[in-house]
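Shown below: protein19.cif, with mmCIF, C-alpha atoms and all ligand atoms.
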```
data_work
#
loop_
_atom_site.label_atom_id
_atom_site.label_comp_id
_atom_site.auth_asym_id
_atom_site.auth_seq_id
_atom_site.Cartn_x
_atom_site.Cartn_y
_atom_site.Cartn_z
CA MET A 1 14.11 15.25 -10.27
CA ALA A 2 16.96 15.74 -12.71
CA LEU A 3 17.55 12.76 -14.97
CA LYS A 4 21.30 12.46 -15.30
CA THR A 5 21.86 8.81 -16.07
CA LEU A 6 20.15 5.88 -17.73
CA HIS A 7 19.43 4.62 -14.22
CA ASP A 8 17.47 7.82 -13.48
CA LEU A 9 15.48 7.41 -16.69
CA PHE A 10 14.90 3.75 -15.85
CA VAL A 11 13.41 4.65 -12.47
CA ASP A 12 11.32 7.42 -14.01
CA GLU A 13 9.88 5.03 -16.61
CA LEU A 14 9.25 2.39 -13.94
CA LYS A 15 7.16 4.91 -12.03
CA ASP A 16 5.26 5.73 -15.21
CA ILE A 17 4.35 2.12 -15.97
CA TYR A 18 3.52 1.48 -12.30
CA HIS A 19 0.94 4.27 -12.45
CA ALA A 20 -0.26 3.05 -15.86
CA GLU A 21 -0.88 -0.47 -14.51
CA LYS A 22 -2.78 0.96 -11.56
CA GLN A 23 -5.04 2.90 -13.91
CA LEU A 24 -5.72 -0.35 -15.74
CA THR A 25 -6.94 -2.10 -12.62
CA ARG A 26 -9.71 0.50 -12.61
CA ALA A 27 -10.35 0.53 -16.36
CA LEU A 28 -10.44 -3.23 -17.03
CA PRO A 29 -13.49 -3.96 -14.83
CA LYS A 30 -15.40 -1.24 -16.71
CA MET A 31 -14.33 -2.71 -20.03
CA ALA A 32 -15.40 -6.20 -18.90
CA LYS A 33 -18.75 -4.83 -17.78
CA ASN A 34 -19.35 -3.10 -21.11
CA ALA A 35 -18.30 -6.05 -23.28
CA SER A 36 -21.14 -8.11 -24.74
CA SER A 37 -19.10 -11.07 -25.94
CA ASP A 38 -18.46 -13.60 -23.15
CA LYS A 39 -15.07 -14.40 -24.58
CA LEU A 40 -14.06 -10.75 -24.53
CA LYS A 41 -15.47 -10.21 -21.05
CA LYS A 42 -13.50 -13.20 -19.80
CA SER A 43 -10.29 -12.02 -21.44
CA PHE A 44 -10.59 -8.63 -19.71
CA GLU A 45 -11.22 -10.36 -16.38
CA THR A 46 -8.22 -12.64 -16.87
CA HIS A 47 -6.04 -9.70 -17.79
CA LEU A 48 -7.19 -7.82 -14.70
CA LYS A 49 -5.80 -10.64 -12.55
CA GLU A 50 -2.58 -10.60 -14.57
CA THR A 51 -2.37 -6.84 -14.18
CA GLU A 52 -2.66 -7.11 -10.40
CA ASN A 53 0.22 -9.56 -10.50
CA GLN A 54 2.21 -7.26 -12.77
CA ILE A 55 1.85 -4.52 -10.17
CA LYS A 56 3.30 -6.89 -7.57
CA ARG A 57 6.12 -7.70 -9.96
CA LEU A 58 6.90 -4.00 -10.33
CA GLU A 59 6.91 -3.70 -6.53
CA GLN A 60 9.53 -6.46 -6.50
CA VAL A 61 11.57 -4.46 -9.01
CA PHE A 62 11.43 -1.35 -6.80
CA GLU A 63 12.44 -3.51 -3.86
CA GLU A 64 15.41 -4.93 -5.79
CA LEU A 65 16.49 -1.37 -6.51
CA GLY A 66 16.04 -0.41 -2.87
CA ILE A 67 13.60 2.40 -3.59
CA PRO A 68 9.96 2.83 -2.54
CA ALA A 69 7.31 1.71 -5.03
CA LYS A 70 5.81 4.97 -6.19
CA GLY A 71 3.99 5.92 -9.35
CA LYS A 72 4.26 9.02 -11.43
CA ARG A 73 1.19 10.21 -13.28
CA CYS A 74 1.12 8.46 -16.65
CA VAL A 75 -0.60 10.83 -19.03
CA GLY A 76 -0.10 8.48 -21.98
CA MET A 77 -2.19 5.72 -20.45
CA GLU A 78 -4.70 8.26 -19.18
CA GLY A 79 -5.26 9.37 -22.79
CA ILE A 80 -5.72 5.84 -24.10
CA VAL A 81 -8.10 4.95 -21.27
CA ASN A 82 -10.11 8.14 -21.80
CA GLU A 83 -10.52 7.46 -25.50
CA GLY A 84 -11.88 4.03 -24.59
CA LYS A 85 -14.30 5.63 -22.13
CA GLU A 86 -15.56 7.99 -24.83
CA LYS A 87 -16.54 4.97 -26.93
CA MET A 88 -18.48 3.47 -24.02
CA GLU A 89 -20.44 6.70 -23.71
CA GLU A 90 -21.34 6.89 -27.40
CA ASP A 91 -24.56 5.74 -29.00
CA ILE A 92 -23.01 2.50 -30.21
CA GLU A 93 -24.21 -0.99 -31.17
CA ASP A 94 -23.08 -3.84 -28.88
CA ALA A 95 -20.88 -5.63 -31.42
CA VAL A 96 -19.37 -2.35 -32.57
CA LEU A 97 -18.58 -1.42 -28.97
CA ASP A 98 -16.89 -4.81 -28.54
CA ALA A 99 -14.74 -4.06 -31.58
CA ALA A 100 -13.95 -0.61 -30.16
CA LEU A 101 -13.05 -2.10 -26.76
CA ILE A 102 -10.62 -4.47 -28.45
CA ALA A 103 -9.06 -1.61 -30.40
CA SER A 104 -8.67 0.35 -27.19
CA ALA A 105 -7.27 -2.62 -25.25
CA GLN A 106 -4.74 -3.27 -28.01
CA LYS A 107 -3.56 0.34 -27.79
CA VAL A 108 -3.07 -0.26 -24.07
CA GLU A 109 -1.10 -3.45 -24.70
CA HIS A 110 1.11 -1.78 -27.28
CA TYR A 111 1.91 1.04 -24.88
CA GLU A 112 2.82 -1.53 -22.26
CA ILE A 113 4.83 -3.66 -24.68
CA ALA A 114 6.86 -0.58 -25.67
CA SER A 115 7.45 0.35 -22.03
CA TYR A 116 8.36 -3.09 -20.76
CA GLY A 117 10.55 -3.80 -23.80
CA THR A 118 12.53 -0.63 -23.15
CA LEU A 119 12.73 -1.23 -19.41
CA ARG A 120 13.84 -4.84 -19.87
CA THR A 121 16.61 -3.74 -22.22
CA TYR A 122 17.80 -0.99 -19.85
CA ALA A 123 17.83 -3.51 -17.00
CA GLU A 124 19.89 -5.96 -19.06
CA GLU A 125 22.32 -3.29 -20.13
CA MET A 126 22.80 -2.11 -16.56
CA GLY A 127 23.41 -5.67 -15.40
CA HIS A 128 20.20 -6.10 -13.37
CA ARG A 129 19.56 -9.67 -14.40
CA LYS A 130 16.83 -10.48 -11.91
CA ILE A 131 14.95 -7.29 -12.75
CA ALA A 132 15.29 -7.93 -16.48
CA ASP A 133 13.79 -11.36 -15.91
CA LEU A 134 10.80 -9.95 -13.99
CA LEU A 135 10.15 -7.37 -16.70
CA GLN A 136 10.44 -10.02 -19.41
CA GLN A 137 7.74 -12.09 -17.70
CA THR A 138 5.34 -9.17 -17.83
CA LEU A 139 6.34 -8.33 -21.39
CA ASP A 140 5.45 -11.90 -22.41
CA GLU A 141 2.03 -11.61 -20.75
CA GLU A 142 1.28 -8.32 -22.49
CA SER A 143 2.28 -9.79 -25.86
CA LYS A 144 0.09 -12.83 -25.31
CA THR A 145 -2.83 -10.63 -24.34
CA ASN A 146 -2.37 -8.56 -27.47
CA GLU A 147 -2.34 -11.69 -29.64
CA MET A 148 -5.41 -13.06 -27.92
CA LEU A 149 -7.29 -9.81 -28.58
CA THR A 150 -6.37 -10.02 -32.26
CA ARG A 151 -7.72 -13.55 -32.32
CA ILE A 152 -11.01 -12.63 -30.66
CA ALA A 153 -11.46 -9.72 -33.07
CA GLU A 154 -10.66 -11.71 -36.18
CA GLU A 155 -12.54 -14.87 -35.25
CA GLU A 156 -15.65 -13.38 -33.75
CA ILE A 157 -16.21 -9.73 -32.97
CA ASN A 158 -15.42 -8.06 -36.27
CA PHE A 159 -17.81 -10.35 -38.15
CA GLU A 160 -20.57 -9.61 -35.69
CA ALA A 161 -19.96 -5.91 -36.15
CA ILE A 162 -20.09 -6.38 -39.93
CA SER A 163 -23.33 -8.38 -39.91
CA GLN A 164 -24.77 -5.73 -37.62
CA GLU A 165 -24.46 -3.40 -40.56
CA LYS A 166 -26.19 -5.86 -42.90
CA GLU A 167 -29.14 -6.21 -40.52
CA GLU A 168 -29.67 -2.49 -40.70
CA GLU A 169 -29.57 -2.26 -44.49
FE FE B 201 0.06 -4.68 -17.76
FE FE B 202 -1.69 -5.33 -20.26
#
```
So, in terms of structure tokens, how does the structure I just supplied come out?
Ligand code: FE
Ligand code: FE
Amino acid sequence: MALKTLHDLFVDELKDIYHAEKQLTRALPKMAKNASSDKLKKSFETHLKETENQIKRLEQVFEELGIPAKGKRCVGMEGIVNEGKEKMEEDIEDAVLDAALIASAQKVEHYEIASYGTLRTYAEEMGHRKIADLLQQTLDEESKTNEMLTRIAEEEINFEAISQEKEEE
């Protein structure tokens, strides 16, 4: 499809993030399963539920626009998810894997924050107030998730991964 207007780009990017979110509903359960820290496991499980809701929110956006909810292969998210998978397949200590899962999840959140921030702004500029509001809600959730991951890393996981090293010395 030729992209001739900002509206066309907006729809194209919506399809991208819709596909990205769908990928995450498959990746997050694997990340939860591989996490050793209960807190981290729980945060992945919570974010899975949020992600399912974010997909519904995107479906509302498509509905508002009067177009079918359809994804377009998101290679960016595929790459981030695959890098996370590689870590899970490595010979890796539990606490170090937890740290790696957080790093990977934060890359995911930053991708999403960039996408939703852009989409929200386009929606505002094109006068789609209701859509901008829906996108803002998701943007806020992604930001909160990112901050929570930072907290878990800094308060718990990173230290465990450091003392792991000391045990081996
Ligand atoms: Fe999301
Ligand atoms: Fe997210």
Set the distance at 10 Å and use only C-alpha atoms: which residues neighbour Cys74 in chain A once local chain neighbours fewer than 3 positions away are removed? I'd like the list as a ChimeraX atom specification. /A:13,15-23,71,77-79
Produce as a PDB file with C-alpha atoms, in the coordinates of the input the set of residues near ligand FE 201 (chain B), where near means within 9 Å with all atoms listed in the file considered.
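Resulting contents of selection-v1.pdb:
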```pdb
ATOM      1  CA  ILE A  17       4.350   2.120 -15.970  1.00  0.00           C
ATOM      2  CA  TYR A  18       3.520   1.480 -12.300  1.00  0.00           C
ATOM      3  CA  ALA A  20      -0.260   3.050 -15.860  1.00  0.00           C
ATOM      4  CA  GLU A  21      -0.880  -0.470 -14.510  1.00  0.00           C
ATOM      5  CA  LYS A  22      -2.780   0.960 -11.560  1.00  0.00           C
ATOM      6  CA  LEU A  24      -5.720  -0.350 -15.740  1.00  0.00           C
ATOM      7  CA  HIS A  47      -6.040  -9.700 -17.790  1.00  0.00           C
ATOM      8  CA  LEU A  48      -7.190  -7.820 -14.700  1.00  0.00           C
ATOM      9  CA  GLU A  50      -2.580 -10.600 -14.570  1.00  0.00           C
ATOM     10  CA  THR A  51      -2.370  -6.840 -14.180  1.00  0.00           C
ATOM     11  CA  GLU A  52      -2.660  -7.110 -10.400  1.00  0.00           C
ATOM     12  CA  ASN A  53       0.220  -9.560 -10.500  1.00  0.00           C
ATOM     13  CA  GLN A  54       2.210  -7.260 -12.770  1.00  0.00           C
ATOM     14  CA  ILE A  55       1.850  -4.520 -10.170  1.00  0.00           C
ATOM     15  CA  VAL A 108      -3.070  -0.260 -24.070  1.00  0.00           C
ATOM     16  CA  GLU A 109      -1.100  -3.450 -24.700  1.00  0.00           C
ATOM     17  CA  GLU A 112       2.820  -1.530 -22.260  1.00  0.00           C
ATOM     18  CA  ILE A 113       4.830  -3.660 -24.680  1.00  0.00           C
ATOM     19  CA  TYR A 116       8.360  -3.090 -20.760  1.00  0.00           C
ATOM     20  CA  THR A 138       5.340  -9.170 -17.830  1.00  0.00           C
ATOM     21  CA  LEU A 139       6.340  -8.330 -21.390  1.00  0.00           C
ATOM     22  CA  GLU A 141       2.030 -11.610 -20.750  1.00  0.00           C
ATOM     23  CA  GLU A 142       1.280  -8.320 -22.490  1.00  0.00           C
TER      24      GLU A 142
END
```
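Compared by their closest atoms to Thr150 in chain A, and using all atoms listed in the file, the residues A:Ala103, A:Leu28, A:Ile80, A:Ala35 rank with A:Ala103 nearest.
Residue nearest Lys130 in chain A within the list A:Val75, A:Ala95, A:Val61, A:Ile152: A:Val61 [criterion: smallest interatomic distance, only C-alpha atoms].
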Shell of 9 Å around His7 in chain A, only C-alpha atoms, local chain residues under 3 positions omitted, as a PyMOL selection string: chain A and resi 3-4+10-12+122-123+126
Quick check, in Å to one decimal: how far apart do CA of Ile67 in chain A and CA of His110 in chain A lie?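 Distance reported for this atom pair: 27.1 Å.
Here the question is which of A:Glu154, A:Leu119, A:Ser43, A:Arg129 gets nearest to ligand FE 202 (chain B) using all atoms listed in the file, and that residue is A:Ser43.
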Selection near Thr121 in chain A, 12 Å with all atoms listed in the file, sequence-local residues under 6 positions removed, as a PyMOL selection string: chain A and resi 6-7+10+114-115+127-129+131-136+139
Print the selection's residues with C-alpha atoms to a file, as a PDB file, in the frame of the given file.
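The file below, result-v2.pdb, is the result:
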```
ATOM      1  CA  LEU A   6      20.150   5.880 -17.730  1.00  0.00           C
ATOM      2  CA  HIS A   7      19.430   4.620 -14.220  1.00  0.00           C
ATOM      3  CA  PHE A  10      14.900   3.750 -15.850  1.00  0.00           C
ATOM      4  CA  ALA A 114       6.860  -0.580 -25.670  1.00  0.00           C
ATOM      5  CA  SER A 115       7.450   0.350 -22.030  1.00  0.00           C
ATOM      6  CA  GLY A 127      23.410  -5.670 -15.400  1.00  0.00           C
ATOM      7  CA  HIS A 128      20.200  -6.100 -13.370  1.00  0.00           C
ATOM      8  CA  ARG A 129      19.560  -9.670 -14.400  1.00  0.00           C
ATOM      9  CA  ILE A 131      14.950  -7.290 -12.750  1.00  0.00           C
ATOM     10  CA  ALA A 132      15.290  -7.930 -16.480  1.00  0.00           C
ATOM     11  CA  ASP A 133      13.790 -11.360 -15.910  1.00  0.00           C
ATOM     12  CA  LEU A 134      10.800  -9.950 -13.990  1.00  0.00           C
ATOM     13  CA  LEU A 135      10.150  -7.370 -16.700  1.00  0.00           C
ATOM     14  CA  GLN A 136      10.440 -10.020 -19.410  1.00  0.00           C
ATOM     15  CA  LEU A 139       6.340  -8.330 -21.390  1.00  0.00           C
TER      16      LEU A 139
END
```
Counting only C-alpha atoms and all ligand atoms, the residue of A:Leu14, A:Ile157, A:Leu40, A:Ala27 that sits nearest ligand FE 202 (chain B): A:Ala27
Shortest interatomic distance to ligand FE 202 (chain B) - which of A:Leu65, A:Leu58, A:Met88, A:Ala105, counting only C-alpha atoms and all ligand atoms: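 Residue with the minimum atom-to-atom distance to ligand FE 202 (chain B): A:Ala105.
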CA of Phe44 in chain A to CA of Glu59 in chain A: how many Å, to one decimal?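 Going from CA of Phe44 in chain A over to CA of Glu59 in chain A covers 22.5 Å.
When CA of Thr5 in chain A is paired with CA of Lys70 in chain A, their separation reads 19.2 Å.
When all atoms listed in the file are used to measure the gap to ligand FE 202 (chain B), the shortest distance among A:Leu149, A:Ala69, A:Ile92, A:Leu97 belongs to A:Leu149.
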For Lys87 in chain A: contacts at 10 Å, all atoms listed in the file, fewer than 6 positions along chain excluded, given as a ChimeraX atom specification: /A:96-98,100-101,104
Axis-aligned box for all listed atoms of range 132-150 of chain A, 4 Å per side, centre and edges in Å to one decimal, as AutoDock Vina command-line options:
```
--center_x 4.0 --center_y -10.2 --center_z -23.1 --size_x 30.6 --size_y 13.7 --size_z 26.3
```
Would you mind putting back N, CA, C and O atoms on range 32-54 of chain A, then writing it out as a CSV table (one decimal), in the coordinates of the input?
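In the end it all went to selection.csv:
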```
chain,number,residue,atom,x,y,z
A,32,ALA,N,-14.8,-4.9,-19.0
A,32,ALA,CA,-15.4,-6.2,-18.9
A,32,ALA,C,-16.9,-6.0,-18.8
A,32,ALA,O,-17.7,-6.7,-19.4
A,33,LYS,N,-17.3,-5.1,-18.0
A,33,LYS,CA,-18.8,-4.8,-17.8
A,33,LYS,C,-19.5,-4.4,-19.1
A,33,LYS,O,-20.6,-4.7,-19.3
A,34,ASN,N,-18.8,-3.6,-19.9
A,34,ASN,CA,-19.4,-3.1,-21.1
A,34,ASN,C,-19.3,-4.1,-22.3
A,34,ASN,O,-19.9,-3.8,-23.3
A,35,ALA,N,-18.4,-5.1,-22.2
A,35,ALA,CA,-18.3,-6.0,-23.3
A,35,ALA,C,-19.5,-7.0,-23.4
A,35,ALA,O,-20.0,-7.4,-22.3
A,36,SER,N,-20.0,-7.2,-24.6
A,36,SER,CA,-21.1,-8.1,-24.7
A,36,SER,C,-20.7,-9.6,-25.0
A,36,SER,O,-21.4,-10.5,-24.5
A,37,SER,N,-19.6,-9.7,-25.7
A,37,SER,CA,-19.1,-11.1,-25.9
A,37,SER,C,-18.5,-11.7,-24.6
A,37,SER,O,-17.7,-11.0,-23.9
A,38,ASP,N,-18.9,-12.9,-24.4
A,38,ASP,CA,-18.5,-13.6,-23.2
A,38,ASP,C,-17.0,-13.8,-23.2
A,38,ASP,O,-16.3,-13.7,-22.2
A,39,LYS,N,-16.5,-14.1,-24.4
A,39,LYS,CA,-15.1,-14.4,-24.6
A,39,LYS,C,-14.3,-13.1,-24.3
A,39,LYS,O,-13.2,-13.2,-23.6
A,40,LEU,N,-14.8,-12.0,-24.7
A,40,LEU,CA,-14.1,-10.8,-24.5
A,40,LEU,C,-14.1,-10.4,-23.1
A,40,LEU,O,-13.1,-9.9,-22.5
A,41,LYS,N,-15.3,-10.5,-22.5
A,41,LYS,CA,-15.5,-10.2,-21.0
A,41,LYS,C,-14.5,-11.0,-20.2
A,41,LYS,O,-13.8,-10.5,-19.4
A,42,LYS,N,-14.4,-12.3,-20.5
A,42,LYS,CA,-13.5,-13.2,-19.8
A,42,LYS,C,-12.0,-12.8,-20.0
A,42,LYS,O,-11.2,-12.8,-19.1
A,43,SER,N,-11.7,-12.4,-21.2
A,43,SER,CA,-10.3,-12.0,-21.4
A,43,SER,C,-9.9,-10.7,-20.7
A,43,SER,O,-8.8,-10.6,-20.2
A,44,PHE,N,-10.9,-9.8,-20.5
A,44,PHE,CA,-10.6,-8.6,-19.7
A,44,PHE,C,-10.4,-9.0,-18.2
A,44,PHE,O,-9.6,-8.5,-17.5
A,45,GLU,N,-11.3,-9.9,-17.8
A,45,GLU,CA,-11.2,-10.4,-16.4
A,45,GLU,C,-9.9,-11.1,-16.1
A,45,GLU,O,-9.3,-10.9,-15.1
A,46,THR,N,-9.5,-11.9,-17.0
A,46,THR,CA,-8.2,-12.6,-16.9
A,46,THR,C,-7.1,-11.6,-16.8
A,46,THR,O,-6.2,-11.7,-16.0
A,47,HIS,N,-7.1,-10.7,-17.7
A,47,HIS,CA,-6.0,-9.7,-17.8
A,47,HIS,C,-6.0,-8.8,-16.6
A,47,HIS,O,-4.9,-8.3,-16.2
A,48,LEU,N,-7.2,-8.6,-16.0
A,48,LEU,CA,-7.2,-7.8,-14.7
A,48,LEU,C,-6.4,-8.5,-13.6
A,48,LEU,O,-5.5,-7.9,-13.0
A,49,LYS,N,-6.6,-9.8,-13.5
A,49,LYS,CA,-5.8,-10.6,-12.6
A,49,LYS,C,-4.3,-10.6,-12.9
A,49,LYS,O,-3.5,-10.4,-12.0
A,50,GLU,N,-4.0,-10.7,-14.2
A,50,GLU,CA,-2.6,-10.6,-14.6
A,50,GLU,C,-2.0,-9.2,-14.2
A,50,GLU,O,-0.9,-9.1,-13.8
A,51,THR,N,-2.8,-8.2,-14.4
A,51,THR,CA,-2.4,-6.8,-14.2
A,51,THR,C,-2.1,-6.6,-12.7
A,51,THR,O,-1.1,-6.0,-12.3
A,52,GLU,N,-2.9,-7.2,-11.8
A,52,GLU,CA,-2.7,-7.1,-10.4
A,52,GLU,C,-1.3,-7.8,-10.0
A,52,GLU,O,-0.6,-7.3,-9.2
A,53,ASN,N,-1.0,-8.9,-10.7
A,53,ASN,CA,0.2,-9.6,-10.5
A,53,ASN,C,1.4,-8.8,-11.1
A,53,ASN,O,2.5,-8.8,-10.5
A,54,GLN,N,1.2,-8.1,-12.2
A,54,GLN,CA,2.2,-7.3,-12.8
A,54,GLN,C,2.6,-6.1,-11.9
A,54,GLN,O,3.7,-5.7,-11.8
```
